[in-house]
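Colleague: Take this structure, written in structure tokens, and hold onto it; I'll ask about it next.
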Amino acid sequence: MPVPPGTMGTMSTGSGRPDEARAREGDETRHATLLRGVRNPVIVILILAGIFDGLAGNPVHAILLIVVALVLASDVDLPVQVEGGTDVAVEPEDSHSLVALVIAVVYAVAVGGFERYSWPGTVAVIVPGVVGLLMAFRAARIPGPEPRPIQHRGAVAWASLFIALGLWELTNLLLQPDLATGSYAHPTLSTLLDPILAMHTGRSALLFVWLVLGWYLVKR
Amino acid sequence: MSSHDATVAIYALIALVGLVLEVMGRTGRTEVPPLGTVLTRIMHTRSGRIGVMAGWMWIGLHYFAK
């Protein structure tokens with residue numbers, strides 16, 4: 001019985017054929033991983049956000065967002081990591097919360113002293129940001145019971161709110177003289193926060209809120 | 001009312017709606033969950049968790065970093 005062309009490579013007979021089959025399977029796996037990555041909305045959003053942030057003149061933000069997207073795309077099919085037969089712990093002990101709070105206060109006060117958009121300020125924000133991201137990557141399996149599903153109406157309500165916020169922010173951004181120049185008549189949230197962030201105390205307060213938000217998210 | 005005032009008022013309205021949704025979610029009498037429950041659900045998946053943390057990092061970068 002004749003064998004259709006192209007099917008021999010999957011058989012393990014003949015020298016070199018198994019290697020070809022394995023190589024082809026590897027290619028197919030990589031392509032499937034890439035396809036699944038592209039179809040993942042989180043990856044798509046991160047890449048789009050990175051592209052537009054880059055176009056807006058923020059190369060550091062763009063690089064970080066795109067790197068996270070690419071790592072997530074390549075990592076999306078990795079098996080669940082288990083350490084010592086148990087899930088990787090995400091939720092820190094409650095006793096650590098007070099220590100974390102004190103560290104957050106000290107950090108916010110110290111880093112708030114740096115000028116906005118300075119390199120020391122940039123590094124001081126990137127470090128906790130990357131730590132938070134690494135903790136998210138490390139938490140391959142989320143401990144605890146499966147959270148209860150969100151009802152359709154509830155999901156629509158919250159999604160509508162954040163979409164409305166995003167569209168209103170985008171509207172005001174496009175009504176500015178240009179993307180880098182704020183407008184008093186059509187202020188974005190950034191423009192509204194500028195007077196607060198111009199002060200050391202304001203920067204420290206918002207940094208503290210940002211750090212606490214990160215801690216809250218890590219504990220989710 | 002100036003354009004500035006109208007813009008800020010709409011931001012305030014969005015925040016108020018968010019607050020109302022949160023209060024409704026905490027009563028447990030509606031299908032609207034609290035925001036924390038939504039975040040927990042989103043962050044139960046690997047990509048959702050990383051996506052939310054990337055968003056948090058981006059907020060810090062946007063307001064403070066180069």
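By order of appearance in the structure tokens: chains A, B, ..., then residues from 1 within every chain, and ligands from 1 in the order shown.
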Would you give me, as a PDB file with N, CA and C atoms, in the first residue's frame, the residues of chain A that come within 8 Å of chain B, using only C-alpha atoms?
Modeller:
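The resulting part_23.pdb:
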```pdb
ATOM      1  N   VAL A  42      -4.902  39.552  26.987  1.00  0.00           N
ATOM      2  CA  VAL A  42      -3.963  40.263  27.857  1.00  0.00           C
ATOM      3  C   VAL A  42      -2.690  40.597  27.088  1.00  0.00           C
ATOM      4  N   ILE A  43      -2.203  39.637  26.313  1.00  0.00           N
ATOM      5  CA  ILE A  43      -0.974  39.851  25.549  1.00  0.00           C
ATOM      6  C   ILE A  43      -1.206  40.915  24.466  1.00  0.00           C
ATOM      7  N   LEU A  46      -1.328  44.319  26.138  1.00  0.00           N
ATOM      8  CA  LEU A  46      -0.003  44.775  26.572  1.00  0.00           C
ATOM      9  C   LEU A  46       0.824  45.255  25.382  1.00  0.00           C
ATOM     10  N   ASN A  58       7.407  57.434  25.344  1.00  0.00           N
ATOM     11  CA  ASN A  58       7.795  56.807  26.614  1.00  0.00           C
ATOM     12  C   ASN A  58       8.457  55.460  26.348  1.00  0.00           C
ATOM     13  N   VAL A  60      10.761  53.719  27.882  1.00  0.00           N
ATOM     14  CA  VAL A  60      10.949  52.795  29.017  1.00  0.00           C
ATOM     15  C   VAL A  60       9.653  52.028  29.284  1.00  0.00           C
ATOM     16  N   HIS A  61       8.535  52.750  29.286  1.00  0.00           N
ATOM     17  CA  HIS A  61       7.242  52.105  29.522  1.00  0.00           C
ATOM     18  C   HIS A  61       6.964  51.084  28.416  1.00  0.00           C
ATOM     19  N   LEU A  65       6.355  47.033  28.881  1.00  0.00           N
ATOM     20  CA  LEU A  65       5.064  46.415  28.549  1.00  0.00           C
ATOM     21  C   LEU A  65       5.235  45.327  27.489  1.00  0.00           C
ATOM     22  N   VAL A  68       7.011  42.226  28.916  1.00  0.00           N
ATOM     23  CA  VAL A  68       6.078  41.419  29.713  1.00  0.00           C
ATOM     24  C   VAL A  68       5.166  40.612  28.790  1.00  0.00           C
ATOM     25  N   LEU A  72       5.140  36.593  28.606  1.00  0.00           N
ATOM     26  CA  LEU A  72       3.872  35.901  28.868  1.00  0.00           C
ATOM     27  C   LEU A  72       3.490  35.017  27.682  1.00  0.00           C
ATOM     28  N   VAL A  76       3.162  30.984  28.186  1.00  0.00           N
ATOM     29  CA  VAL A  76       1.748  30.718  28.443  1.00  0.00           C
ATOM     30  C   VAL A  76       1.436  29.234  28.535  1.00  0.00           C
ATOM     31  N   ARG A 116       9.976  64.159  39.750  1.00  0.00           N
ATOM     32  CA  ARG A 116       9.243  63.320  38.796  1.00  0.00           C
ATOM     33  C   ARG A 116      10.047  63.186  37.507  1.00  0.00           C
ATOM     34  N   TYR A 117       9.944  62.046  36.898  1.00  0.00           N
ATOM     35  CA  TYR A 117      10.575  61.759  35.603  1.00  0.00           C
ATOM     36  C   TYR A 117      12.099  61.816  35.658  1.00  0.00           C
ATOM     37  N   SER A 118      12.662  61.760  36.871  1.00  0.00           N
ATOM     38  CA  SER A 118      14.127  61.678  36.976  1.00  0.00           C
ATOM     39  C   SER A 118      14.525  60.207  36.944  1.00  0.00           C
ATOM     40  N   TRP A 119      15.813  59.966  36.675  1.00  0.00           N
ATOM     41  CA  TRP A 119      16.257  58.572  36.645  1.00  0.00           C
ATOM     42  C   TRP A 119      16.185  57.904  38.029  1.00  0.00           C
ATOM     43  N   GLY A 121      14.028  58.498  40.343  1.00  0.00           N
ATOM     44  CA  GLY A 121      12.605  58.210  40.534  1.00  0.00           C
ATOM     45  C   GLY A 121      12.142  57.051  39.667  1.00  0.00           C
ATOM     46  N   THR A 122      12.675  57.006  38.447  1.00  0.00           N
ATOM     47  CA  THR A 122      12.302  55.920  37.530  1.00  0.00           C
ATOM     48  C   THR A 122      12.739  54.571  38.072  1.00  0.00           C
ATOM     49  N   VAL A 123      13.997  54.505  38.512  1.00  0.00           N
ATOM     50  CA  VAL A 123      14.510  53.240  39.057  1.00  0.00           C
ATOM     51  C   VAL A 123      13.718  52.842  40.309  1.00  0.00           C
ATOM     52  N   VAL A 125      10.705  53.336  40.989  1.00  0.00           N
ATOM     53  CA  VAL A 125       9.374  52.799  40.666  1.00  0.00           C
ATOM     54  C   VAL A 125       9.494  51.465  39.925  1.00  0.00           C
ATOM     55  N   ILE A 126      10.520  51.353  39.084  1.00  0.00           N
ATOM     56  CA  ILE A 126      10.689  50.104  38.327  1.00  0.00           C
ATOM     57  C   ILE A 126      10.960  48.930  39.272  1.00  0.00           C
ATOM     58  N   GLY A 129       7.884  47.637  40.902  1.00  0.00           N
ATOM     59  CA  GLY A 129       7.036  47.175  39.802  1.00  0.00           C
ATOM     60  C   GLY A 129       7.479  45.812  39.287  1.00  0.00           C
ATOM     61  N   VAL A 130       8.781  45.676  39.094  1.00  0.00           N
ATOM     62  CA  VAL A 130       9.304  44.398  38.594  1.00  0.00           C
ATOM     63  C   VAL A 130       9.143  43.305  39.655  1.00  0.00           C
ATOM     64  N   GLY A 132       6.751  43.083  41.844  1.00  0.00           N
ATOM     65  CA  GLY A 132       5.347  42.688  41.783  1.00  0.00           C
ATOM     66  C   GLY A 132       5.073  41.780  40.593  1.00  0.00           C
ATOM     67  N   LEU A 133       5.671  42.127  39.448  1.00  0.00           N
ATOM     68  CA  LEU A 133       5.474  41.305  38.255  1.00  0.00           C
ATOM     69  C   LEU A 133       6.084  39.916  38.423  1.00  0.00           C
ATOM     70  N   ALA A 136       3.941  37.801  40.350  1.00  0.00           N
ATOM     71  CA  ALA A 136       2.808  37.328  39.551  1.00  0.00           C
ATOM     72  C   ALA A 136       3.235  36.173  38.648  1.00  0.00           C
ATOM     73  N   PHE A 137       4.417  36.279  38.060  1.00  0.00           N
ATOM     74  CA  PHE A 137       4.919  35.197  37.212  1.00  0.00           C
ATOM     75  C   PHE A 137       5.179  33.935  38.038  1.00  0.00           C
ATOM     76  N   ALA A 139       3.756  33.009  40.795  1.00  0.00           N
ATOM     77  CA  ALA A 139       2.534  32.384  41.287  1.00  0.00           C
ATOM     78  C   ALA A 139       1.827  31.678  40.149  1.00  0.00           C
ATOM     79  N   ALA A 140       2.421  30.563  39.720  1.00  0.00           N
ATOM     80  CA  ALA A 140       1.865  29.860  38.574  1.00  0.00           C
ATOM     81  C   ALA A 140       0.487  29.296  38.872  1.00  0.00           C
ATOM     82  N   ARG A 141       0.300  28.847  40.067  1.00  0.00           N
ATOM     83  CA  ARG A 141      -1.018  28.344  40.444  1.00  0.00           C
ATOM     84  C   ARG A 141      -1.512  29.187  41.599  1.00  0.00           C
ATOM     85  N   ILE A 142      -2.702  29.689  41.473  1.00  0.00           N
ATOM     86  CA  ILE A 142      -3.240  30.557  42.497  1.00  0.00           C
ATOM     87  C   ILE A 142      -3.869  29.693  43.578  1.00  0.00           C
ATOM     88  N   GLU A 146     -11.558  27.895  43.876  1.00  0.00           N
ATOM     89  CA  GLU A 146     -11.939  28.608  42.652  1.00  0.00           C
ATOM     90  C   GLU A 146     -12.882  29.740  43.023  1.00  0.00           C
ATOM     91  N   PRO A 147     -12.543  30.999  42.647  1.00  0.00           N
ATOM     92  CA  PRO A 147     -13.454  32.094  42.993  1.00  0.00           C
ATOM     93  C   PRO A 147     -14.793  31.921  42.289  1.00  0.00           C
ATOM     94  N   ARG A 148     -15.839  32.424  42.948  1.00  0.00           N
ATOM     95  CA  ARG A 148     -17.170  32.247  42.352  1.00  0.00           C
ATOM     96  C   ARG A 148     -17.259  33.045  41.054  1.00  0.00           C
ATOM     97  N   PRO A 149     -17.980  32.514  40.085  1.00  0.00           N
ATOM     98  CA  PRO A 149     -18.070  33.211  38.796  1.00  0.00           C
ATOM     99  C   PRO A 149     -18.780  34.547  38.939  1.00  0.00           C
ATOM    100  N   ILE A 150     -18.433  35.452  38.047  1.00  0.00           N
ATOM    101  CA  ILE A 150     -19.057  36.771  38.036  1.00  0.00           C
ATOM    102  C   ILE A 150     -20.306  36.699  37.159  1.00  0.00           C
ATOM    103  N   GLN A 151     -21.413  37.193  37.673  1.00  0.00           N
ATOM    104  CA  GLN A 151     -22.642  37.219  36.878  1.00  0.00           C
ATOM    105  C   GLN A 151     -22.463  38.166  35.690  1.00  0.00           C
ATOM    106  N   HIS A 152     -23.183  37.854  34.628  1.00  0.00           N
ATOM    107  CA  HIS A 152     -23.031  38.620  33.386  1.00  0.00           C
ATOM    108  C   HIS A 152     -23.276  40.116  33.611  1.00  0.00           C
ATOM    109  N   ARG A 153     -24.354  40.430  34.324  1.00  0.00           N
ATOM    110  CA  ARG A 153     -24.679  41.840  34.536  1.00  0.00           C
ATOM    111  C   ARG A 153     -23.588  42.547  35.354  1.00  0.00           C
ATOM    112  N   GLY A 154     -23.055  41.839  36.313  1.00  0.00           N
ATOM    113  CA  GLY A 154     -21.987  42.424  37.132  1.00  0.00           C
ATOM    114  C   GLY A 154     -20.749  42.712  36.307  1.00  0.00           C
ATOM    115  N   ALA A 155     -20.402  41.740  35.454  1.00  0.00           N
ATOM    116  CA  ALA A 155     -19.225  41.935  34.594  1.00  0.00           C
ATOM    117  C   ALA A 155     -19.441  43.106  33.646  1.00  0.00           C
ATOM    118  N   ALA A 157     -21.414  45.660  34.096  1.00  0.00           N
ATOM    119  CA  ALA A 157     -21.434  46.927  34.842  1.00  0.00           C
ATOM    120  C   ALA A 157     -20.015  47.442  35.081  1.00  0.00           C
ATOM    121  N   TRP A 158     -19.141  46.576  35.580  1.00  0.00           N
ATOM    122  CA  TRP A 158     -17.767  47.021  35.866  1.00  0.00           C
ATOM    123  C   TRP A 158     -16.992  47.305  34.578  1.00  0.00           C
ATOM    124  N   LEU A 161     -17.995  50.638  33.218  1.00  0.00           N
ATOM    125  CA  LEU A 161     -17.430  51.760  33.975  1.00  0.00           C
ATOM    126  C   LEU A 161     -15.994  52.044  33.536  1.00  0.00           C
ATOM    127  N   ALA A 164     -15.857  53.410  30.025  1.00  0.00           N
ATOM    128  CA  ALA A 164     -16.260  54.827  30.026  1.00  0.00           C
ATOM    129  C   ALA A 164     -15.109  55.707  30.510  1.00  0.00           C
ATOM    130  N   LEU A 165     -14.449  55.268  31.577  1.00  0.00           N
ATOM    131  CA  LEU A 165     -13.306  56.030  32.087  1.00  0.00           C
ATOM    132  C   LEU A 165     -12.204  56.131  31.025  1.00  0.00           C
ATOM    133  N   TRP A 168     -13.281  58.482  28.194  1.00  0.00           N
ATOM    134  CA  TRP A 168     -13.279  59.886  28.602  1.00  0.00           C
ATOM    135  C   TRP A 168     -11.840  60.405  28.709  1.00  0.00           C
ATOM    136  N   TYR A 184      -5.803  72.758  30.209  1.00  0.00           N
ATOM    137  CA  TYR A 184      -6.620  73.114  31.375  1.00  0.00           C
ATOM    138  C   TYR A 184      -8.105  72.893  31.068  1.00  0.00           C
ATOM    139  N   ALA A 185      -8.490  73.179  29.834  1.00  0.00           N
ATOM    140  CA  ALA A 185      -9.903  73.053  29.466  1.00  0.00           C
ATOM    141  C   ALA A 185     -10.345  71.594  29.392  1.00  0.00           C
ATOM    142  N   HIS A 186      -9.424  70.723  28.967  1.00  0.00           N
ATOM    143  CA  HIS A 186      -9.757  69.300  28.818  1.00  0.00           C
ATOM    144  C   HIS A 186      -8.700  68.463  29.539  1.00  0.00           C
ATOM    145  N   PRO A 187      -8.694  68.518  30.851  1.00  0.00           N
ATOM    146  CA  PRO A 187      -7.611  67.844  31.582  1.00  0.00           C
ATOM    147  C   PRO A 187      -7.789  66.326  31.614  1.00  0.00           C
ATOM    148  N   SER A 190      -3.907  62.697  34.491  1.00  0.00           N
ATOM    149  CA  SER A 190      -2.516  63.096  34.748  1.00  0.00           C
ATOM    150  C   SER A 190      -2.418  64.600  34.963  1.00  0.00           C
ATOM    151  N   LEU A 207       2.541  57.725  45.951  1.00  0.00           N
ATOM    152  CA  LEU A 207       3.414  56.548  45.890  1.00  0.00           C
ATOM    153  C   LEU A 207       2.976  55.509  46.918  1.00  0.00           C
ATOM    154  N   TRP A 210      -0.027  53.794  45.666  1.00  0.00           N
ATOM    155  CA  TRP A 210       0.360  52.874  44.594  1.00  0.00           C
ATOM    156  C   TRP A 210       0.974  51.592  45.163  1.00  0.00           C
ATOM    157  N   LEU A 213      -1.693  49.524  46.806  1.00  0.00           N
ATOM    158  CA  LEU A 213      -2.491  48.872  45.764  1.00  0.00           C
ATOM    159  C   LEU A 213      -1.758  47.640  45.229  1.00  0.00           C
ATOM    160  N   GLY A 214      -0.465  47.774  45.001  1.00  0.00           N
ATOM    161  CA  GLY A 214       0.320  46.633  44.533  1.00  0.00           C
ATOM    162  C   GLY A 214       0.309  45.494  45.529  1.00  0.00           C
ATOM    163  N   LEU A 217      -2.982  43.786  45.422  1.00  0.00           N
ATOM    164  CA  LEU A 217      -3.131  42.933  44.243  1.00  0.00           C
ATOM    165  C   LEU A 217      -2.315  41.648  44.379  1.00  0.00           C
ATOM    166  N   VAL A 218      -1.124  41.765  44.933  1.00  0.00           N
ATOM    167  CA  VAL A 218      -0.296  40.568  45.124  1.00  0.00           C
ATOM    168  C   VAL A 218      -0.998  39.570  46.038  1.00  0.00           C
ATOM    169  N   ARG A 220      -4.174  39.074  46.208  1.00  0.00           N
ATOM    170  CA  ARG A 220      -5.415  38.547  45.621  1.00  0.00           C
ATOM    171  C   ARG A 220      -5.282  37.081  45.316  1.00  0.00           C
TER     172      ARG A 220
END
```
Colleague: Taking only C-alpha atoms into account, which of A:Leu189, A:Leu167, A:Phe114, A:Asp178 comes nearest B:Ala12?
Modeller: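 With only C-alpha atoms as the atom set, the closest residue is A:Leu189.
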Colleague: In Å, how far is it from atom CA of A:Ala205 to atom CA of A:Gly182?
Modeller: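 Result for atom CA of A:Ala205 versus atom CA of A:Gly182: 22.4 Å, one decimal.
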Colleague: Distance atom CA of A:Ile47-atom CA of A:Ile66, one decimal place?
Modeller: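 Pair atom CA of A:Ile47 / atom CA of A:Ile66 returns 5.2 Å.
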Colleague: Grab the atom CA of A:Ser74 to atom CA of A:Glu25 distance for me, in Å with one decimal place.
Modeller: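 Interatomic distance here is 16.6 Å.
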Colleague: With DSSP run on the backbone, what are the alpha helix (DSSP H) residues within chain B? I'd like them as a PyMOL selection string.
Modeller: chain B and resi 3-27+35-42+46-64
